[in-house]
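**Q** Sending over a structure as structure tokens; questions will come in a sec.
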Amino acid sequence: MHNNDYASIVDEVLAQIGKHVVLGLPLGLGKPNRLINAFYHRACADSSIRLDIFTALSLNPPKPGSELEQRFLQPFLKRHFGEDYPRLAYADALAAQQLPANITVTEFYFQSGSMLGNAEAQRHYVSSNYTHVARDLADRGVNLILQLVARRPTESGWEYSLSCNPDVTLDLAEELRHRTDSKCLMLAQVHPELPFMAGDAVVSEDFFHRIINDNPEQRLFALPRSPVTSQDYAVGMNASALVADGGTLQIGIGSLSDALVYSLSQRQQNNEAYRGYFNQALPGQALVDAIGGYDSFDTGLYGASEMFLDGFMHLYQAGILKREVFDDEHLQSLANAGGIAAEAGTDGSGALLDAAFFLGTDDFYRWLRQLTAAEWPRFRMSSVGRINQLYGDNPALEKLQRQKARFINTCMMVSLTGAATSDSLKDHQLVSGVGGQYNFVAMAHAMRGGRSILLLRSTRESGGEITSGIVWEYPYCTIPRHLRDIVVTEYGIADLRGATDEECIKALICISDSRFQQNLKHKAVTAGKLDPNWTIPAVAATNSPASIESRLNALRLTGNLPRYPFGSDFTALEQKLMAALQRMKRLKHSKLQMVSALLRGGPDAPEALSRMGLAKPRGPQQWLYARMLRWALAQITH
């Protein structure tokens, strides 16, 4: 499709809705970038047009910063995203804080950490539960929706699927149906590689005001897979034992989620080694006996998650995502009792997963496209209003379907009285957004047998300083203390539901790093919230990274716990280079260590230096880079 064709579409839309465009865009993958850019560039060229963009998770390939980052990333970016990936122009302008005065961008969820310190983005952030976004869009007077869709032929003509993003679009269509004074154009552009998804995502041609069949000429945005650390694996192992066979699973994205999925797979396929990890008791393991277990999955799990991601593909392939649900209360009751196959003969026809949006790797997209005719209807996409809450048409059915639910999310900090901080810092700088986390936590408390599990790294390192993820207090929270439930760190499990403040404080100190325990205890005692005579149990008093490595060694020696458990988009050499570059980055916090690294250098590494364009350094700067890189490579090799 040529630029002139996009320009004519802009002309037609402006003629219908006027020069104030309130543009709603899907979260993440479903944005038709070239079409969006046509509207953006028109507003840039004509200041009489007012363009207000409302969206979330605006995805662009990263822009390398330093010279070393450029040398490493540019070849990878060309390979992964292609030479001509159409960057979102508004996202680049927002990142540079250079939006024209007649254009605003309002987001309700950022790529994690991408907008810290960006005043333009921070001022226009909307704090909204995912389930309230459609309402908020309608309140803002949205009059244009642009979305990528999938299509397939049928005997009666073309059939369309909202594919990766029925989440807000379906809820918005319903919201606007009740607002007869609102006029909103829905334009769809067909992407030939977007998987055609089942469920409520399937819509008729008249759902849209216009369908653009020309190829959008943009690769599906594929997320590079992240490495999983020992700390991540320990958190994932602990959480995996809380998942009940025959239950329901919701998970998010990131290396902690990857660690959880890998741990569940080990529980299923390498059970003896998996059990060995738990030979030594951890804080909170009594809760495992009450609501989870260490056995492999017989009945399996059903997925009910706002996000459909690679993890569910891996769980399906591992024989874990296999519990069927049915859209009939009688059938579902029979299924829960284990008698549906004999009663109704419907075994193999139920859904295995319901989700609201998807985002993942190229392998994941390829797998979705290759689902067989029998598999395809078992992975359904729906509105976020249906997935993230129990206020739909049939809450009783949804509770039956979501038995033994485990809603598993991540957070950045937890206060000693159980409030969780997941999306913002104390100065109200947004790291990401609340998304659906609050919905799932609240839902866990509204369901018999449901539990909210927050995954937390007990420590984090920034600027060369290690701090605790468990704190006495924090002036901002995402999840209030009255909704506290289960917190999991690499050191164990804290069961906070129904606990007194003192019980909560004790449980969280026991899963914190020992370097911070005495200070946390002192704060609680001083505040009158903890018995001063209480002593930290011996099993918790030795919480340290070394103790975690010791616990994981047995699994690691059997060939498990790889740095990239589900493969990597980086070559083996690039993985080694990434580890080396991270070591070099840490040197900036110590001039002494930097000088030492320069003096020591390291053995020649021609392949690595060639990949970085430093095989033949030109000038003193490149010579220094090459020498420090050889030092860093030597540290990770031996």
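To be explicit about the labels: the chains of the structure tokens are called A, B, and onward in the order shown, and within each one the residues are counted from 1, while ligands get numbers from 1 in the order they are shown.
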Which polymer residues have any atom within 8 Å of an atom of Tyr277 of chain A, counting only C-alpha atoms, with same-chain residues fewer than 2 positions away left out, as JSON, numbers by chain?
**A** {"A": [273, 274, 275, 279, 280, 551, 552, 554, 555]}
**Q** Go through segment 12-100 of chain A residue by residue and, counting only C-alpha atoms, keep those with an atom at most 12 Å from segment 104-108 of chain A; for each kept residue give the shortest atom pair and its distance in Å to one decimal, ordered by chain and increasing number, as CSV.
**A**
```
residue,atom,partner,partner_atom,distance
A:His20,CA,A:Thr104,CA,11.6
A:Val21,CA,A:Thr104,CA,10.6
A:Val22,CA,A:Thr104,CA,9.7
A:Leu23,CA,A:Val105,CA,9.5
A:Gly24,CA,A:Thr106,CA,9.8
A:Leu25,CA,A:Glu107,CA,9.9
A:Pro26,CA,A:Glu107,CA,10.8
A:Leu27,CA,A:Phe108,CA,9.3
A:Gly28,CA,A:Glu107,CA,11.4
A:Tyr40,CA,A:Thr104,CA,10.4
A:Ala43,CA,A:Thr104,CA,10.8
A:Cys44,CA,A:Thr104,CA,11.5
A:Ile49,CA,A:Thr104,CA,11.6
A:Arg50,CA,A:Thr104,CA,8.4
A:Leu51,CA,A:Thr104,CA,6.5
A:Asp52,CA,A:Thr104,CA,4.9
A:Ile53,CA,A:Val105,CA,4.7
A:Phe54,CA,A:Thr106,CA,4.8
A:Thr55,CA,A:Glu107,CA,4.9
A:Ala56,CA,A:Glu107,CA,4.7
A:Leu57,CA,A:Glu107,CA,7.6
A:Ser58,CA,A:Glu107,CA,8.5
A:Ala89,CA,A:Val105,CA,11.5
A:Tyr90,CA,A:Val105,CA,7.7
A:Ala91,CA,A:Val105,CA,8.4
A:Asp92,CA,A:Val105,CA,11.4
A:Ala93,CA,A:Val105,CA,9.9
A:Leu94,CA,A:Val105,CA,7.5
A:Ala95,CA,A:Val105,CA,10.8
A:Gln97,CA,A:Val105,CA,10.8
A:Gln98,CA,A:Thr104,CA,10.7
A:Leu99,CA,A:Thr104,CA,7.2
A:Pro100,CA,A:Thr104,CA,8.1
```
**Q** Those residues with N, CA and C atoms, as an mmCIF file, in the first residue's frame please?
**A**
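Final output, again.cif:
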```
data_model
loop_
_atom_site.group_PDB
_atom_site.id
_atom_site.type_symbol
_atom_site.label_atom_id
_atom_site.label_comp_id
_atom_site.auth_asym_id
_atom_site.auth_seq_id
_atom_site.Cartn_x
_atom_site.Cartn_y
_atom_site.Cartn_z
ATOM 1 N N HIS A 20 -10.913 17.151 14.993
ATOM 2 C CA HIS A 20 -10.498 16.704 16.327
ATOM 3 C C HIS A 20 -10.597 15.189 16.353
ATOM 4 N N VAL A 21 -9.446 14.532 16.263
ATOM 5 C CA VAL A 21 -9.395 13.080 16.194
ATOM 6 C C VAL A 21 -9.003 12.533 17.562
ATOM 7 N N VAL A 22 -9.899 11.758 18.152
ATOM 8 C CA VAL A 22 -9.594 11.056 19.402
ATOM 9 C C VAL A 22 -9.388 9.599 19.022
ATOM 10 N N LEU A 23 -8.129 9.227 18.919
ATOM 11 C CA LEU A 23 -7.733 7.955 18.323
ATOM 12 C C LEU A 23 -7.441 6.904 19.387
ATOM 13 N N GLY A 24 -8.206 5.834 19.373
ATOM 14 C CA GLY A 24 -7.974 4.710 20.270
ATOM 15 C C GLY A 24 -7.213 3.616 19.550
ATOM 16 N N LEU A 25 -6.130 3.156 20.162
ATOM 17 C CA LEU A 25 -5.291 2.125 19.552
ATOM 18 C C LEU A 25 -5.160 0.930 20.483
ATOM 19 N N PRO A 26 -5.093 -0.282 19.938
ATOM 20 C CA PRO A 26 -4.954 -1.468 20.785
ATOM 21 C C PRO A 26 -3.645 -1.456 21.563
ATOM 22 N N LEU A 27 -3.671 -2.135 22.682
ATOM 23 C CA LEU A 27 -2.468 -2.344 23.472
ATOM 24 C C LEU A 27 -1.550 -3.303 22.722
ATOM 25 N N GLY A 28 -0.261 -2.942 22.633
ATOM 26 C CA GLY A 28 0.723 -3.894 22.142
ATOM 27 C C GLY A 28 0.684 -4.173 20.658
ATOM 28 N N TYR A 40 -0.673 10.610 12.182
ATOM 29 C CA TYR A 40 0.259 11.419 12.968
ATOM 30 C C TYR A 40 0.946 12.468 12.090
ATOM 31 N N ALA A 43 -1.297 15.350 11.141
ATOM 32 C CA ALA A 43 -1.467 16.323 12.229
ATOM 33 C C ALA A 43 -0.205 17.158 12.412
ATOM 34 N N CYS A 44 0.959 16.542 12.196
ATOM 35 C CA CYS A 44 2.203 17.310 12.281
ATOM 36 C C CYS A 44 2.242 18.402 11.216
ATOM 37 N N ILE A 49 -5.415 20.527 12.974
ATOM 38 C CA ILE A 49 -5.913 19.217 13.402
ATOM 39 C C ILE A 49 -5.464 18.972 14.830
ATOM 40 N N ARG A 50 -6.386 18.541 15.660
ATOM 41 C CA ARG A 50 -6.038 18.133 17.021
ATOM 42 C C ARG A 50 -6.114 16.615 17.083
ATOM 43 N N LEU A 51 -4.999 15.991 17.439
ATOM 44 C CA LEU A 51 -4.914 14.534 17.493
ATOM 45 C C LEU A 51 -4.619 14.105 18.922
ATOM 46 N N ASP A 52 -5.564 13.406 19.528
ATOM 47 C CA ASP A 52 -5.390 12.850 20.871
ATOM 48 C C ASP A 52 -5.336 11.329 20.744
ATOM 49 N N ILE A 53 -4.199 10.744 21.091
ATOM 50 C CA ILE A 53 -4.008 9.298 20.974
ATOM 51 C C ILE A 53 -4.132 8.672 22.357
ATOM 52 N N PHE A 54 -4.945 7.623 22.471
ATOM 53 C CA PHE A 54 -5.148 6.909 23.736
ATOM 54 C C PHE A 54 -4.795 5.452 23.487
ATOM 55 N N THR A 55 -3.818 4.946 24.220
ATOM 56 C CA THR A 55 -3.365 3.572 23.978
ATOM 57 C C THR A 55 -2.548 3.074 25.164
ATOM 58 N N ALA A 56 -1.830 1.983 24.964
ATOM 59 C CA ALA A 56 -0.920 1.433 25.973
ATOM 60 C C ALA A 56 0.108 0.561 25.272
ATOM 61 N N LEU A 57 1.240 0.391 25.918
ATOM 62 C CA LEU A 57 2.290 -0.501 25.442
ATOM 63 C C LEU A 57 2.613 -0.249 23.968
ATOM 64 N N SER A 58 3.117 0.948 23.689
ATOM 65 C CA SER A 58 3.511 1.306 22.322
ATOM 66 C C SER A 58 4.884 0.699 22.034
ATOM 67 N N ALA A 89 5.784 6.620 14.840
ATOM 68 C CA ALA A 89 6.354 7.970 14.880
ATOM 69 C C ALA A 89 5.963 8.709 16.153
ATOM 70 N N TYR A 90 4.720 8.521 16.608
ATOM 71 C CA TYR A 90 4.301 9.233 17.822
ATOM 72 C C TYR A 90 5.074 8.735 19.034
ATOM 73 N N ALA A 91 5.408 7.427 19.053
ATOM 74 C CA ALA A 91 6.147 6.870 20.188
ATOM 75 C C ALA A 91 7.571 7.406 20.224
ATOM 76 N N ASP A 92 8.197 7.541 19.061
ATOM 77 C CA ASP A 92 9.538 8.130 19.012
ATOM 78 C C ASP A 92 9.512 9.585 19.471
ATOM 79 N N ALA A 93 8.501 10.328 19.009
ATOM 80 C CA ALA A 93 8.400 11.738 19.404
ATOM 81 C C ALA A 93 8.141 11.868 20.897
ATOM 82 N N LEU A 94 7.318 10.985 21.438
ATOM 83 C CA LEU A 94 7.031 11.010 22.871
ATOM 84 C C LEU A 94 8.288 10.677 23.669
ATOM 85 N N ALA A 95 9.044 9.667 23.221
ATOM 86 C CA ALA A 95 10.275 9.288 23.918
ATOM 87 C C ALA A 95 11.266 10.449 23.943
ATOM 88 N N GLN A 97 10.322 13.548 23.864
ATOM 89 C CA GLN A 97 9.552 14.687 24.393
ATOM 90 C C GLN A 97 9.483 15.821 23.358
ATOM 91 N N GLN A 98 9.136 15.442 22.131
ATOM 92 C CA GLN A 98 9.075 16.395 21.031
ATOM 93 C C GLN A 98 7.752 16.305 20.275
ATOM 94 N N LEU A 99 6.675 15.997 20.977
ATOM 95 C CA LEU A 99 5.365 15.979 20.338
ATOM 96 C C LEU A 99 4.943 17.401 19.978
ATOM 97 N N PRO A 100 4.352 17.597 18.807
ATOM 98 C CA PRO A 100 3.808 18.915 18.471
ATOM 99 C C PRO A 100 2.712 19.320 19.457
#
```
**Q** Could you pull out the helix (DSSP H, G or I) residues of segment 48-275 of chain A, going by DSSP on the backbone, and write them as a CSV table (one decimal) with C-alpha atoms, in the first residue's frame?
**A**
```csv
chain,number,residue,atom,x,y,z
A,67,GLU,CA,28.6,3.2,21.2
A,68,LEU,CA,29.1,-0.3,22.6
A,69,GLU,CA,25.3,-0.8,22.7
A,70,GLN,CA,25.1,0.2,19.0
A,71,ARG,CA,27.8,-2.2,18.0
A,72,PHE,CA,26.0,-5.1,19.8
A,73,LEU,CA,22.4,-4.3,19.1
A,74,GLN,CA,22.3,-3.0,15.5
A,75,PRO,CA,23.1,-6.3,13.8
A,76,PHE,CA,20.6,-8.1,16.1
A,77,LEU,CA,17.8,-5.5,15.5
A,78,LYS,CA,18.2,-5.8,11.7
A,79,ARG,CA,17.9,-9.6,12.0
A,80,HIS,CA,15.0,-9.6,14.4
A,81,PHE,CA,12.9,-6.7,13.2
A,89,ALA,CA,6.4,8.0,14.9
A,90,TYR,CA,4.3,9.2,17.8
A,91,ALA,CA,6.1,6.9,20.2
A,92,ASP,CA,9.5,8.1,19.0
A,93,ALA,CA,8.4,11.7,19.4
A,94,LEU,CA,7.0,11.0,22.9
A,95,ALA,CA,10.3,9.3,23.9
A,119,ALA,CA,7.6,14.5,31.8
A,120,GLU,CA,5.5,14.4,28.7
A,121,ALA,CA,4.5,10.8,29.1
A,122,GLN,CA,4.3,11.0,32.9
A,123,ARG,CA,1.9,13.9,32.9
A,130,TYR,CA,-7.6,-2.6,32.4
A,131,THR,CA,-11.3,-3.4,32.7
A,132,HIS,CA,-12.2,0.3,32.9
A,133,VAL,CA,-10.2,1.4,29.8
A,134,ALA,CA,-13.2,1.1,27.4
A,135,ARG,CA,-15.3,3.3,29.7
A,136,ASP,CA,-12.5,5.9,29.9
A,137,LEU,CA,-12.1,5.9,26.2
A,138,ALA,CA,-15.7,6.5,25.6
A,139,ASP,CA,-15.7,9.3,28.2
A,167,ASP,CA,-9.5,-7.0,24.9
A,168,VAL,CA,-10.7,-3.4,24.8
A,169,THR,CA,-12.3,-3.3,21.4
A,170,LEU,CA,-15.1,-5.7,22.3
A,171,ASP,CA,-15.8,-3.8,25.6
A,172,LEU,CA,-15.7,-0.5,23.8
A,173,ALA,CA,-18.1,-1.6,21.1
A,174,GLU,CA,-20.5,-2.6,23.9
A,175,GLU,CA,-20.0,0.7,25.8
A,176,LEU,CA,-20.7,2.7,22.7
A,177,ARG,CA,-23.8,0.7,21.9
A,205,GLU,CA,-17.5,-7.8,8.4
A,206,ASP,CA,-20.1,-5.3,9.5
A,207,PHE,CA,-18.4,-4.9,12.9
A,230,SER,CA,19.2,-18.1,39.8
A,231,GLN,CA,17.1,-15.7,41.8
A,232,ASP,CA,14.3,-16.0,39.2
A,233,TYR,CA,14.4,-19.8,39.2
A,234,ALA,CA,14.2,-20.0,43.0
A,235,VAL,CA,11.1,-17.7,43.0
A,236,GLY,CA,9.6,-19.8,40.2
A,237,MET,CA,10.2,-23.1,41.9
A,238,ASN,CA,8.6,-21.9,45.2
A,239,ALA,CA,5.5,-20.6,43.4
A,240,SER,CA,5.1,-23.7,41.2
A,255,SER,CA,11.7,-13.8,33.4
A,256,LEU,CA,9.9,-14.6,36.7
A,257,SER,CA,7.0,-15.9,34.7
A,258,ASP,CA,9.4,-17.9,32.5
A,259,ALA,CA,11.0,-19.4,35.6
A,260,LEU,CA,7.5,-20.3,36.9
A,261,VAL,CA,6.5,-22.0,33.7
A,262,TYR,CA,9.8,-23.9,33.5
A,263,SER,CA,9.4,-25.0,37.1
A,264,LEU,CA,5.9,-26.3,36.4
A,265,SER,CA,7.3,-28.2,33.4
A,266,GLN,CA,10.0,-29.7,35.7
A,267,ARG,CA,7.3,-30.7,38.1
A,268,GLN,CA,5.5,-32.5,35.3
A,269,GLN,CA,8.4,-34.0,33.3
A,271,ASN,CA,9.4,-34.8,39.0
A,272,GLU,CA,12.1,-36.6,41.0
A,273,ALA,CA,14.7,-33.9,40.5
A,274,TYR,CA,11.9,-31.3,41.1
A,275,ARG,CA,11.0,-32.8,44.5
```
**Q** Go through segment 127-204 of chain A and flag each residue having an atom no more than 12 Å from segment 473-489 of chain A; for those, report the closest pair of atoms plus their distance in Å to one decimal, using only C-alpha atoms, ordered by chain and rising number, as JSON lines.
**A**
```
{"residue": "A:Ser127", "atom": "CA", "partner": "A:Thr478", "partner_atom": "CA", "distance": 10.5}
{"residue": "A:Ser128", "atom": "CA", "partner": "A:Thr478", "partner_atom": "CA", "distance": 11.3}
{"residue": "A:Asn129", "atom": "CA", "partner": "A:Thr478", "partner_atom": "CA", "distance": 10.8}
```
**Q** Kindly save the residues from that selection, with C-alpha atoms included, as an mmCIF file, in the first residue's frame.
**A**
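Saved to selection-v7.cif:
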```cif
data_model
loop_
_atom_site.group_PDB
_atom_site.id
_atom_site.type_symbol
_atom_site.label_atom_id
_atom_site.label_comp_id
_atom_site.auth_asym_id
_atom_site.auth_seq_id
_atom_site.Cartn_x
_atom_site.Cartn_y
_atom_site.Cartn_z
ATOM 1 C CA SER A 127 -4.122 5.259 36.043
ATOM 2 C CA SER A 128 -6.904 2.883 35.101
ATOM 3 C CA ASN A 129 -7.742 -0.747 35.684
#
```
**Q** Please compute the atom CA of Thr535 of chain A-atom CA of Ser468 of chain A distance, one decimal, in Å.
**A**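 Taking atom CA of Thr535 of chain A as the start and atom CA of Ser468 of chain A as the end point, the length is 19.7 Å.
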